[in-house]
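As stored in data17.txt (compact mmCIF, C-alpha atoms and all ligand atoms):
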```txt
# COMPACT_ATOMS: atom_id res chain seq x y z
CA MET Y 871 86.30 0.35 26.60
CA LEU Y 872 87.31 -3.29 26.46
CA GLN Y 873 90.87 -4.57 26.24
CA LEU Y 874 91.23 -8.22 25.25
CA PHE Y 875 94.11 -10.64 24.78
CA SER Y 876 94.11 -12.38 21.37
CA PRO Y 877 96.13 -15.62 21.65
CA ALA Y 878 98.11 -17.49 18.99
CA LYS Y 879 97.58 -21.23 18.38
CA ILE Y 880 99.66 -24.26 17.55
CA ASN Y 881 98.55 -27.50 15.88
CA LEU Y 882 99.71 -30.38 18.08
CA PHE Y 883 98.82 -32.66 15.20
CA LEU Y 884 97.44 -31.90 11.77
CA ARG Y 885 96.27 -34.68 9.48
CA ILE Y 886 95.02 -33.75 6.01
CA GLN Y 887 92.41 -36.22 4.82
CA ASN Y 888 91.34 -35.22 1.32
CA LYS Y 889 90.74 -32.32 -1.03
CA ARG Y 890 87.12 -31.23 -1.35
CA PRO Y 891 85.22 -30.06 -4.42
CA ASP Y 892 85.18 -26.50 -2.94
CA GLY Y 893 89.02 -26.42 -2.97
CA TYR Y 894 89.41 -26.74 0.82
CA HIS Y 895 90.87 -29.81 2.53
CA ASN Y 896 89.19 -31.96 5.17
CA LEU Y 897 91.48 -32.25 8.14
CA SER Y 898 91.75 -33.57 11.68
CA SER Y 899 93.74 -31.36 14.00
CA LEU Y 900 94.35 -30.92 17.71
CA LEU Y 901 94.74 -27.21 18.35
CA GLN Y 902 95.92 -25.37 21.44
CA THR Y 903 95.96 -21.66 22.28
CA ILE Y 904 99.15 -20.23 23.78
CA ASP Y 905 99.93 -17.08 25.75
CA LEU Y 906 101.90 -15.47 22.93
CA GLY Y 907 99.31 -13.04 21.66
CA ASP Y 908 98.13 -9.58 20.66
CA ASN Y 909 96.29 -7.00 22.74
CA ILE Y 910 93.21 -5.42 21.20
CA THR Y 911 91.32 -2.40 22.53
CA PHE Y 912 87.68 -1.91 21.52
CA GLN Y 913 85.56 1.23 22.03
CA LEU Y 914 82.06 2.07 20.86
CA HIS Y 915 82.04 5.27 18.87
CA GLN Y 916 79.57 7.55 17.12
CA ASP Y 917 80.99 7.58 13.58
CA GLU Y 918 79.39 5.73 10.68
CA ASN Y 919 82.61 3.73 10.14
CA ASP Y 920 84.86 1.49 12.18
CA ILE Y 921 88.36 2.82 12.79
CA LEU Y 922 91.23 0.35 13.08
CA THR Y 923 94.77 1.32 14.05
CA CYS Y 924 97.70 -1.04 14.48
CA SER Y 925 101.11 -0.91 16.17
CA GLU Y 926 102.59 -2.73 13.15
CA VAL Y 927 102.66 -0.30 10.22
CA SER Y 928 103.11 -3.02 7.60
CA LEU Y 929 99.72 -4.60 8.41
CA PRO Y 930 96.66 -3.45 6.45
CA THR Y 931 94.03 -1.61 8.53
CA ASN Y 932 91.38 -1.53 5.77
CA HIS Y 933 88.51 -3.94 5.01
CA THR Y 934 91.00 -6.74 4.18
CA ASN Y 935 91.97 -6.99 7.86
CA LEU Y 936 89.99 -9.86 9.46
CA ILE Y 937 89.12 -7.58 12.42
CA LEU Y 938 87.06 -5.35 10.11
CA LYS Y 939 85.60 -8.41 8.35
CA ALA Y 940 84.41 -9.52 11.80
CA THR Y 941 82.80 -6.15 12.70
CA GLU Y 942 81.08 -6.01 9.31
CA LEU Y 943 79.80 -9.57 9.67
CA PHE Y 944 78.54 -8.96 13.23
CA ARG Y 945 76.58 -5.89 12.10
CA GLN Y 946 75.19 -7.71 9.08
CA LYS Y 947 74.00 -10.69 11.17
CA THR Y 948 72.51 -8.61 14.00
CA ASN Y 949 71.28 -5.53 12.08
CA LEU Y 950 72.95 -3.38 14.75
CA ARG Y 951 74.20 0.01 13.59
CA ILE Y 952 77.02 0.25 16.11
CA HIS Y 953 80.58 1.07 15.05
CA LEU Y 954 83.84 0.48 16.85
CA LYS Y 955 87.19 2.14 17.30
CA ILE Y 956 89.82 -0.57 17.58
CA HIS Y 957 93.54 -0.59 18.30
CA LEU Y 958 95.59 -3.73 17.60
CA GLU Y 959 98.90 -4.11 19.45
CA LYS Y 960 100.54 -6.83 17.33
CA HIS Y 961 102.89 -9.43 18.81
CA ILE Y 962 101.96 -12.62 16.92
CA PRO Y 963 104.28 -13.01 13.90
CA THR Y 964 102.41 -13.07 10.58
CA GLN Y 965 102.69 -15.74 7.86
CA ALA Y 966 103.71 -18.06 10.67
CA GLY Y 967 100.89 -20.64 10.97
CA LEU Y 968 100.03 -19.25 14.40
CA GLY Y 969 96.53 -18.08 13.48
CA GLY Y 970 97.04 -14.41 14.36
CA GLY Y 971 94.46 -12.98 11.94
CA SER Y 972 91.87 -15.65 12.81
CA SER Y 973 92.42 -15.05 16.52
CA ASN Y 974 91.95 -11.31 16.06
CA ALA Y 975 88.68 -11.96 14.19
CA ALA Y 976 87.37 -14.30 16.92
CA THR Y 977 88.37 -11.81 19.64
CA THR Y 978 86.50 -9.09 17.74
CA LEU Y 979 83.30 -11.19 17.51
CA TRP Y 980 83.51 -11.82 21.28
CA ALA Y 981 84.17 -8.11 21.99
CA PHE Y 982 81.36 -6.87 19.75
CA ASN Y 983 78.97 -9.25 21.51
CA GLU Y 984 80.12 -8.03 24.95
CA LEU Y 985 79.81 -4.36 23.99
CA SER Y 986 76.35 -4.84 22.49
CA GLY Y 987 74.68 -6.68 25.38
CA LYS Y 988 75.83 -10.35 25.05
CA LYS Y 989 72.80 -11.44 23.03
CA ILE Y 990 74.57 -13.99 20.84
CA ASP Y 991 75.61 -17.42 22.14
CA ILE Y 992 79.03 -18.90 21.52
CA LYS Y 993 77.77 -21.58 19.11
CA GLN Y 994 76.29 -18.87 16.90
CA LEU Y 995 79.50 -16.82 17.07
CA MET Y 996 81.44 -19.93 15.96
CA GLU Y 997 79.14 -20.42 12.97
CA TRP Y 998 79.57 -16.80 11.97
CA GLY Y 999 83.33 -17.05 12.52
CA ALA Y 1000 83.56 -19.89 9.97
CA GLU Y 1001 82.44 -17.39 7.31
CA ILE Y 1002 85.60 -15.36 8.01
CA GLY Y 1003 88.14 -18.20 8.05
CA SER Y 1004 88.53 -21.91 8.83
CA ASP Y 1005 90.46 -21.33 12.10
CA VAL Y 1006 88.19 -18.60 13.52
CA PRO Y 1007 85.69 -20.97 15.25
CA PHE Y 1008 88.57 -22.70 17.08
CA PHE Y 1009 89.55 -19.46 18.81
CA LEU Y 1010 86.01 -19.29 20.25
CA SER Y 1011 86.53 -22.70 21.90
CA GLN Y 1012 88.09 -22.86 25.37
CA GLY Y 1013 91.59 -23.29 24.00
CA THR Y 1014 92.10 -27.04 23.53
CA ALA Y 1015 89.99 -28.53 20.76
CA HIS Y 1016 89.82 -31.19 18.08
CA CYS Y 1017 88.87 -29.58 14.78
CA THR Y 1018 87.55 -31.39 11.70
CA GLY Y 1019 85.90 -30.52 8.39
CA ARG Y 1020 87.92 -27.63 6.95
CA GLY Y 1021 88.64 -26.75 10.60
CA GLU Y 1022 85.27 -25.26 11.49
CA HIS Y 1023 83.83 -28.27 13.36
CA VAL Y 1024 85.19 -27.74 16.85
CA LYS Y 1025 85.06 -30.18 19.75
CA ASN Y 1026 86.20 -28.66 23.05
CA LEU Y 1027 88.56 -30.87 25.06
CA ALA Y 1028 89.80 -30.70 28.65
CA SER Y 1029 92.85 -28.50 29.17
CA LEU Y 1030 96.19 -30.29 28.75
CA GLY Y 1031 97.66 -28.10 31.52
CA SER Y 1032 99.99 -25.10 31.45
CA ILE Y 1033 102.73 -26.70 29.35
CA SER Y 1034 105.63 -24.45 28.36
CA LEU Y 1035 107.14 -24.29 24.90
CA PHE Y 1036 109.19 -22.13 22.56
CA ILE Y 1037 107.94 -20.64 19.32
CA VAL Y 1038 110.72 -20.13 16.78
CA LYS Y 1039 110.03 -17.94 13.76
CA PRO Y 1040 112.54 -17.61 10.90
CA SER Y 1041 112.56 -14.40 8.89
CA ILE Y 1042 110.82 -15.99 5.91
CA GLY Y 1043 107.04 -16.28 6.04
CA LEU Y 1044 104.76 -18.73 4.19
CA SER Y 1045 101.40 -18.22 2.51
CA THR Y 1046 98.79 -20.79 3.56
CA PRO Y 1047 97.31 -21.34 0.06
CA ALA Y 1048 100.84 -21.78 -1.37
CA VAL Y 1049 101.62 -24.54 1.16
CA TYR Y 1050 98.32 -26.34 0.55
CA LYS Y 1051 99.04 -26.20 -3.19
CA ARG Y 1052 102.24 -28.19 -2.63
CA LEU Y 1053 100.39 -31.04 -0.91
CA ARG Y 1054 100.54 -34.37 -2.71
CA LEU Y 1055 97.61 -36.56 -1.68
CA PRO Y 1056 97.05 -39.20 -0.45
CA ILE Y 1057 99.75 -38.90 2.20
CA THR Y 1058 98.89 -41.91 4.30
CA PHE Y 1059 95.49 -43.40 4.59
CA ARG Y 1060 94.35 -44.97 7.81
CA GLU Y 1061 90.76 -46.07 8.26
CA ASN Y 1062 90.63 -45.29 11.98
CA PRO Y 1063 93.42 -42.91 12.90
CA SER Y 1064 93.98 -43.01 16.65
CA GLU Y 1065 96.18 -39.94 17.14
CA LEU Y 1066 93.57 -38.12 19.25
CA GLU Y 1067 93.04 -41.10 21.57
CA ASP Y 1068 96.83 -41.53 21.80
CA PHE Y 1069 97.26 -37.89 22.72
CA LEU Y 1070 94.54 -37.92 25.34
CA SER Y 1071 95.98 -41.06 26.94
CA GLY Y 1072 99.34 -39.30 27.30
CA LYS Y 1073 101.19 -40.60 24.21
CA ILE Y 1074 102.51 -37.39 22.72
CA ASN Y 1075 102.90 -37.86 18.99
CA CYS Y 1076 103.00 -34.49 17.26
CA PHE Y 1077 102.89 -34.49 13.45
CA ASN Y 1078 101.89 -32.14 10.67
CA ASP Y 1079 101.04 -33.22 7.12
CA LEU Y 1080 101.79 -29.66 5.92
CA GLU Y 1081 105.43 -29.89 7.01
CA GLN Y 1082 106.69 -31.66 3.87
CA PRO Y 1083 104.94 -29.28 1.43
CA ALA Y 1084 106.34 -26.34 3.44
CA PHE Y 1085 109.84 -27.89 3.22
CA ASN Y 1086 109.35 -28.25 -0.54
CA LEU Y 1087 108.71 -24.51 -0.69
CA SER Y 1088 111.69 -23.67 1.53
CA ALA Y 1089 114.69 -25.93 2.10
CA GLU Y 1090 115.79 -23.45 4.78
CA LEU Y 1091 112.87 -24.61 6.93
CA LYS Y 1092 113.98 -28.23 6.74
CA ASP Y 1093 117.45 -27.21 7.93
CA LEU Y 1094 115.89 -25.19 10.73
CA LYS Y 1095 113.93 -28.23 11.93
CA GLN Y 1096 117.13 -30.28 12.03
CA TYR Y 1097 118.88 -27.55 13.97
CA LEU Y 1098 116.03 -27.29 16.51
CA CYS Y 1099 115.94 -31.09 16.96
CA SER Y 1100 119.69 -31.01 17.65
CA ARG Y 1101 119.02 -28.66 20.60
CA GLY Y 1102 117.44 -31.59 22.47
CA PHE Y 1103 113.70 -30.77 22.38
CA GLN Y 1104 111.37 -33.80 22.49
CA GLN Y 1105 109.00 -32.42 19.87
CA VAL Y 1106 109.83 -29.90 17.13
CA LEU Y 1107 107.05 -29.24 14.65
CA LEU Y 1108 105.93 -26.68 12.11
CA SER Y 1109 102.70 -25.02 13.30
CA GLY Y 1110 99.89 -25.14 10.72
CA SER Y 1111 101.20 -24.02 7.34
CA GLY Y 1112 104.29 -22.41 8.92
CA SER Y 1113 106.77 -20.85 8.93
CA ALA Y 1114 106.95 -20.91 12.77
CA PHE Y 1115 107.99 -24.04 14.67
CA PHE Y 1116 107.06 -24.97 18.21
CA CYS Y 1117 109.47 -26.84 20.49
CA LEU Y 1118 108.21 -28.91 23.43
CA GLY Y 1119 110.20 -30.50 26.24
CA ASN Y 1120 113.63 -29.64 27.58
CA GLY Y 1121 116.10 -28.24 25.12
CA LYS Y 1122 118.66 -25.51 24.72
CA ILE Y 1123 117.16 -22.20 23.61
CA PRO Y 1124 118.04 -21.69 19.95
CA CYS Y 1125 120.37 -18.76 19.44
CA THR Y 1126 120.93 -17.94 15.79
CA GLU Y 1127 120.64 -14.68 13.94
CA ASN Y 1128 117.45 -14.24 11.91
CA LEU Y 1129 115.44 -16.34 14.36
CA ALA Y 1130 112.83 -14.81 16.65
CA VAL Y 1131 112.33 -16.96 19.76
CA TYR Y 1132 109.24 -16.59 21.97
CA PRO Y 1133 108.87 -18.51 25.24
CA ALA Y 1134 105.18 -19.35 25.78
CA ASN Y 1135 102.71 -21.53 27.70
CA PHE Y 1136 99.50 -23.32 26.81
CA VAL Y 1137 96.55 -21.18 27.90
CA ASN Y 1138 92.82 -21.94 28.20
CA ARG Y 1139 89.82 -19.80 29.00
CA GLU Y 1140 87.01 -20.30 31.51
CA ILE Y 1141 83.61 -20.89 29.99
CA ASN Y 1142 82.23 -17.34 30.42
CA ASN Y 1143 85.47 -15.38 30.22
CA TRP Y 1144 87.84 -14.48 27.41
CA TYR Y 1145 91.53 -15.49 27.43
CA THR Y 1146 93.91 -13.59 29.67
CA LYS Y 1147 97.69 -13.58 29.79
CA LYS Y 1148 99.24 -13.99 33.23
CA GLU Y 1149 101.95 -11.35 33.59
O1 LIG F 1 89.79 -20.57 5.60
P1 LIG F 1 91.01 -19.75 5.33
O2 LIG F 1 90.67 -18.46 4.63
O3 LIG F 1 91.83 -19.51 6.54
O4 LIG F 1 91.91 -20.60 4.34
C1 LIG F 1 92.99 -20.02 3.64
C2 LIG F 1 93.41 -20.95 2.52
O5 LIG F 1 94.01 -22.14 3.07
C3 LIG F 1 92.29 -21.47 1.65
O6 LIG F 1 92.02 -20.58 0.61
C4 LIG F 1 92.85 -22.79 1.14
O7 LIG F 1 93.78 -22.58 0.11
C5 LIG F 1 93.64 -23.29 2.33
N1 LIG F 1 92.88 -24.21 3.21
C6 LIG F 1 92.57 -25.48 2.75
N2 LIG F 1 91.89 -26.34 3.58
C7 LIG F 1 91.56 -25.97 4.84
C8 LIG F 1 91.89 -24.69 5.32
C9 LIG F 1 92.57 -23.84 4.47
O8 LIG F 1 92.87 -25.84 1.60
N3 LIG F 1 90.93 -26.84 5.63
```
Would you mind writing the file's structure down as structure tokens?
Ligand code: C5P
Amino acid sequence: MLQLFSPAKINLFLRIQNKRPDGYHNLSSLLQTIDLGDNITFQLHQDENDILTCSEVSLPTNHTNLILKATELFRQKTNLRIHLKIHLEKHIPTQAGLGGGSSNAATTLWAFNELSGKKIDIKQLMEWGAEIGSDVPFFLSQGTAHCTGRGEHVKNLASLGSISLFIVKPSIGLSTPAVYKRLRLPITFRENPSELEDFLSGKINCFNDLEQPAFNLSAELKDLKQYLCSRGFQQVLLSGSGSAFFCLGNGKIPCTENLAVYPANFVNREINNWYTKKE
């Protein structure tokens, strides 16, 4: 049996560059894993099917769940006839831009590889992960990475340290395709954007090109951002396509009904180990 932590992510910056003929968008994003996450238990079992159970009854546990897409893909690529029994203890809010489903899929690819003799290298797992979703390869990085293309080109970066933050999730959720549909391009065009260099030299400039389209879908989110900024945090930003915000720096913990607030820290993994959450 293998029990693994499946972390959420935030996008410290997210620049959308252009829309591609395949309908996806080219982007440039600095992503970071955090220690808000799910716990997943994996067991080999004799049946001819995988079995997935979940602590959250509203989540699908059939083939539409990215965990089962990952097991199916792993078998297809390796020709192994091994099946798994999996339990997902869900903590990452869904429709939040925190990458919960993608993280679960990446964790499953790692787990399947561990349970079947570690024959596949991480680069290969990343390539397979991209077939499941644009953010899946990122979760196979070491936790701090610059992602380009539709998100699947991942460049590992040195850890930024164990920075603490708050995740704030309103009760509404947002669908990623719906937010992308609201994008009006071009947003700004800069030949040589320097946000990554700025970030790595210590100039923290968080931004997210998906924030405005998300605000166009929900005025409530714009109000929430204003409220969070008024609590004194240095950076308040929608994560990915939302609807969760992350708050960095010193500020007063938001306390409003209908808001879920999660204290968290940046987390990274060692090269040969999976992520763990320090209790
Ligand atoms: O790759 P993934 O399945 O996570 O993408 C979900 C949706 O988000 C896509 O169908 C697309 O509408 C949008 N998307 C995009 N450009 C990206 C990533 C996602 O347009 N780089």
Counting all atoms listed in the file, find the residues whose atoms lie at most 12 Å from (98.3, -2.4, 20.3) (file coordinates) and write them out as an MDAnalysis selection string.
-> chainID Y and resid 873:876 907:912 922:927 956:962 974
Using atom C5 of ligand LIG 1 (chain F) and CA of Arg1139 (chain Y) as the two end points, give the distance in Å to one decimal.
->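 Here the two named atoms are 27.2 Å from each other.
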Y:Asn935, Y:Thr941, Y:Ser1011, Y:Asn1075 ranked by distance to ligand LIG 1 (chain F), top pick (using only C-alpha atoms and all ligand atoms) | Y:Asn935
Select from chain Y every residue with an atom at most 8 Å from any atom of ligand LIG 1 (chain F), then for each give the shortest pair of atoms and their distance in Å to one decimal, using all atoms listed in the file, rows by chain and rising number, as JSON lines.
```
{"residue": "Y:Lys889", "atom": "CA", "partner": "F:LIG1", "partner_atom": "O8", "distance": 7.3}
{"residue": "Y:Gly893", "atom": "CA", "partner": "F:LIG1", "partner_atom": "O8", "distance": 6.0}
{"residue": "Y:Tyr894", "atom": "CA", "partner": "F:LIG1", "partner_atom": "O8", "distance": 3.7}
{"residue": "Y:His895", "atom": "CA", "partner": "F:LIG1", "partner_atom": "N2", "distance": 3.8}
{"residue": "Y:Asn896", "atom": "CA", "partner": "F:LIG1", "partner_atom": "N3", "distance": 5.4}
{"residue": "Y:Leu897", "atom": "CA", "partner": "F:LIG1", "partner_atom": "N3", "distance": 6.0}
{"residue": "Y:Ser972", "atom": "CA", "partner": "F:LIG1", "partner_atom": "O3", "distance": 7.4}
{"residue": "Y:Ala1000", "atom": "CA", "partner": "F:LIG1", "partner_atom": "O1", "distance": 7.6}
{"residue": "Y:Ile1002", "atom": "CA", "partner": "F:LIG1", "partner_atom": "O2", "distance": 6.8}
{"residue": "Y:Gly1003", "atom": "CA", "partner": "F:LIG1", "partner_atom": "O1", "distance": 3.8}
{"residue": "Y:Ser1004", "atom": "CA", "partner": "F:LIG1", "partner_atom": "O1", "distance": 3.7}
{"residue": "Y:Asp1005", "atom": "CA", "partner": "F:LIG1", "partner_atom": "O3", "distance": 6.0}
{"residue": "Y:Val1006", "atom": "CA", "partner": "F:LIG1", "partner_atom": "O3", "distance": 7.9}
{"residue": "Y:Gly1019", "atom": "CA", "partner": "F:LIG1", "partner_atom": "N3", "distance": 6.8}
{"residue": "Y:Arg1020", "atom": "CA", "partner": "F:LIG1", "partner_atom": "N3", "distance": 3.4}
{"residue": "Y:Gly1021", "atom": "CA", "partner": "F:LIG1", "partner_atom": "N3", "distance": 5.5}
{"residue": "Y:Thr1046", "atom": "CA", "partner": "F:LIG1", "partner_atom": "O5", "distance": 5.0}
{"residue": "Y:Pro1047", "atom": "CA", "partner": "F:LIG1", "partner_atom": "O7", "distance": 3.7}
{"residue": "Y:Ala1048", "atom": "CA", "partner": "F:LIG1", "partner_atom": "O7", "distance": 7.3}
{"residue": "Y:Tyr1050", "atom": "CA", "partner": "F:LIG1", "partner_atom": "O8", "distance": 5.6}
{"residue": "Y:Lys1051", "atom": "CA", "partner": "F:LIG1", "partner_atom": "O7", "distance": 7.2}
```
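Minimum distance to Gln902 (chain Y) across Y:Ser1045, Y:Gln1012, Y:Ser1113, Y:Ser1100 (counting all atoms listed in the file) occurs at Y:Gln1012.
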CA of Ser899 (chain Y) to CA of Glu1001 (chain Y): how many Å, to one decimal?
->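 Interatomic distance, CA of Ser899 (chain Y) to CA of Glu1001 (chain Y): 19.2 Å.
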Spatial neighbours of Leu914 (chain Y), 12 Å, only C-alpha atoms, chain gap at least 4 places, as a PyMOL selection string = chain Y and resi 871-872+918-921+941+951-956+981-986
Computed gap from CA of Pro877 (chain Y) to CA of Leu943 (chain Y) is 21.1 Å
Compare Y:Thr1126, Y:Gln1082, Y:Ser973, Y:Asn1143 by their minimum atom-to-atom distance to Lys1039 (chain Y), counting only C-alpha atoms, and give me the closest one.
-> Y:Thr1126
Proximity to Phe1008 (chain Y) - best of Y:Leu901, Y:Leu1118, Y:Val1038, Y:Ala1084, all atoms listed in the file = Y:Leu901
Exercise: Asn1138 (chain Y) partners within 12 Å, all atoms listed in the file, chain neighbours under 5 positions left out, as a PyMOL selection string = chain Y and resi 875-879+901-905+1008-1015+1026-1033+1143-1148
Write the residues you've just listed into a file as a tab-separated table (two decimals), keeping the file's coordinate frame, and include C-alpha atoms for each of them.
```tsv
chain	number	residue	atom	x	y	z
Y	875	PHE	CA	94.11	-10.64	24.78
Y	876	SER	CA	94.11	-12.38	21.37
Y	877	PRO	CA	96.13	-15.62	21.65
Y	878	ALA	CA	98.11	-17.49	18.99
Y	879	LYS	CA	97.58	-21.23	18.38
Y	901	LEU	CA	94.74	-27.21	18.35
Y	902	GLN	CA	95.92	-25.37	21.44
Y	903	THR	CA	95.96	-21.66	22.28
Y	904	ILE	CA	99.15	-20.23	23.78
Y	905	ASP	CA	99.93	-17.08	25.75
Y	1008	PHE	CA	88.57	-22.70	17.08
Y	1009	PHE	CA	89.55	-19.46	18.81
Y	1010	LEU	CA	86.01	-19.29	20.25
Y	1011	SER	CA	86.53	-22.70	21.90
Y	1012	GLN	CA	88.09	-22.86	25.37
Y	1013	GLY	CA	91.59	-23.29	24.00
Y	1014	THR	CA	92.10	-27.04	23.53
Y	1015	ALA	CA	89.99	-28.53	20.76
Y	1026	ASN	CA	86.20	-28.66	23.05
Y	1027	LEU	CA	88.56	-30.87	25.06
Y	1028	ALA	CA	89.80	-30.70	28.65
Y	1029	SER	CA	92.85	-28.50	29.17
Y	1030	LEU	CA	96.19	-30.29	28.75
Y	1031	GLY	CA	97.66	-28.10	31.52
Y	1032	SER	CA	99.99	-25.10	31.45
Y	1033	ILE	CA	102.73	-26.70	29.35
Y	1143	ASN	CA	85.47	-15.38	30.22
Y	1144	TRP	CA	87.84	-14.48	27.41
Y	1145	TYR	CA	91.53	-15.49	27.43
Y	1146	THR	CA	93.91	-13.59	29.67
Y	1147	LYS	CA	97.69	-13.58	29.79
Y	1148	LYS	CA	99.24	-13.99	33.23
```
Name all residues at most 7 Å from Leu1107 (chain Y) (count only C-alpha atoms; drop same-chain ones fewer than 5 positions away) and give them as a list in words.
->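 So the residues in contact are Phe1077, Phe1115, Phe1116 and Cys1117 of chain Y.
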Distance query Glu1090 (chain Y) at most 10 Å, all atoms listed in the file, self and fewer than 5 positions along chain excluded, as a ChimeraX atom specification = /Y:1040,1042,1084-1085,1095
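Counting all atoms listed in the file, the residue from Y:Thr948, Y:Cys1125, Y:Ser1109, Y:Leu938 that sits nearest to Lys988 (chain Y) is Y:Thr948.
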Within 6 Å of (111.2, -30.5, 22.0) (coordinates as in the file), grab all the protein and nucleic acid residues, counting all atoms listed in the file, and write them out as a ChimeraX atom specification.
-> /Y:1103-1106,1117-1119
Contacts of Pro1083 (chain Y) at 12 Å or less, counting all atoms listed in the file, minus same-chain residues fewer than 4 places along, as a short mmCIF file (atom, residue, chain, number, x, y, z; two decimals) with C-alpha atoms, in the frame of the given file?
```cif
data_model
loop_
_atom_site.label_atom_id
_atom_site.label_comp_id
_atom_site.auth_asym_id
_atom_site.auth_seq_id
_atom_site.Cartn_x
_atom_site.Cartn_y
_atom_site.Cartn_z
CA ILE Y 886 95.02 -33.75 6.01
CA LEU Y 1044 104.76 -18.73 4.19
CA SER Y 1045 101.40 -18.22 2.51
CA THR Y 1046 98.79 -20.79 3.56
CA PRO Y 1047 97.31 -21.34 0.06
CA ALA Y 1048 100.84 -21.78 -1.37
CA VAL Y 1049 101.62 -24.54 1.16
CA TYR Y 1050 98.32 -26.34 0.55
CA LYS Y 1051 99.04 -26.20 -3.19
CA ARG Y 1052 102.24 -28.19 -2.63
CA LEU Y 1053 100.39 -31.04 -0.91
CA ARG Y 1054 100.54 -34.37 -2.71
CA LEU Y 1055 97.61 -36.56 -1.68
CA ILE Y 1057 99.75 -38.90 2.20
CA ASN Y 1078 101.89 -32.14 10.67
CA ASP Y 1079 101.04 -33.22 7.12
CA LEU Y 1087 108.71 -24.51 -0.69
CA SER Y 1088 111.69 -23.67 1.53
CA ALA Y 1089 114.69 -25.93 2.10
CA LEU Y 1091 112.87 -24.61 6.93
CA LYS Y 1092 113.98 -28.23 6.74
CA LEU Y 1108 105.93 -26.68 12.11
CA GLY Y 1110 99.89 -25.14 10.72
CA SER Y 1111 101.20 -24.02 7.34
CA GLY Y 1112 104.29 -22.41 8.92
CA SER Y 1113 106.77 -20.85 8.93
#
```
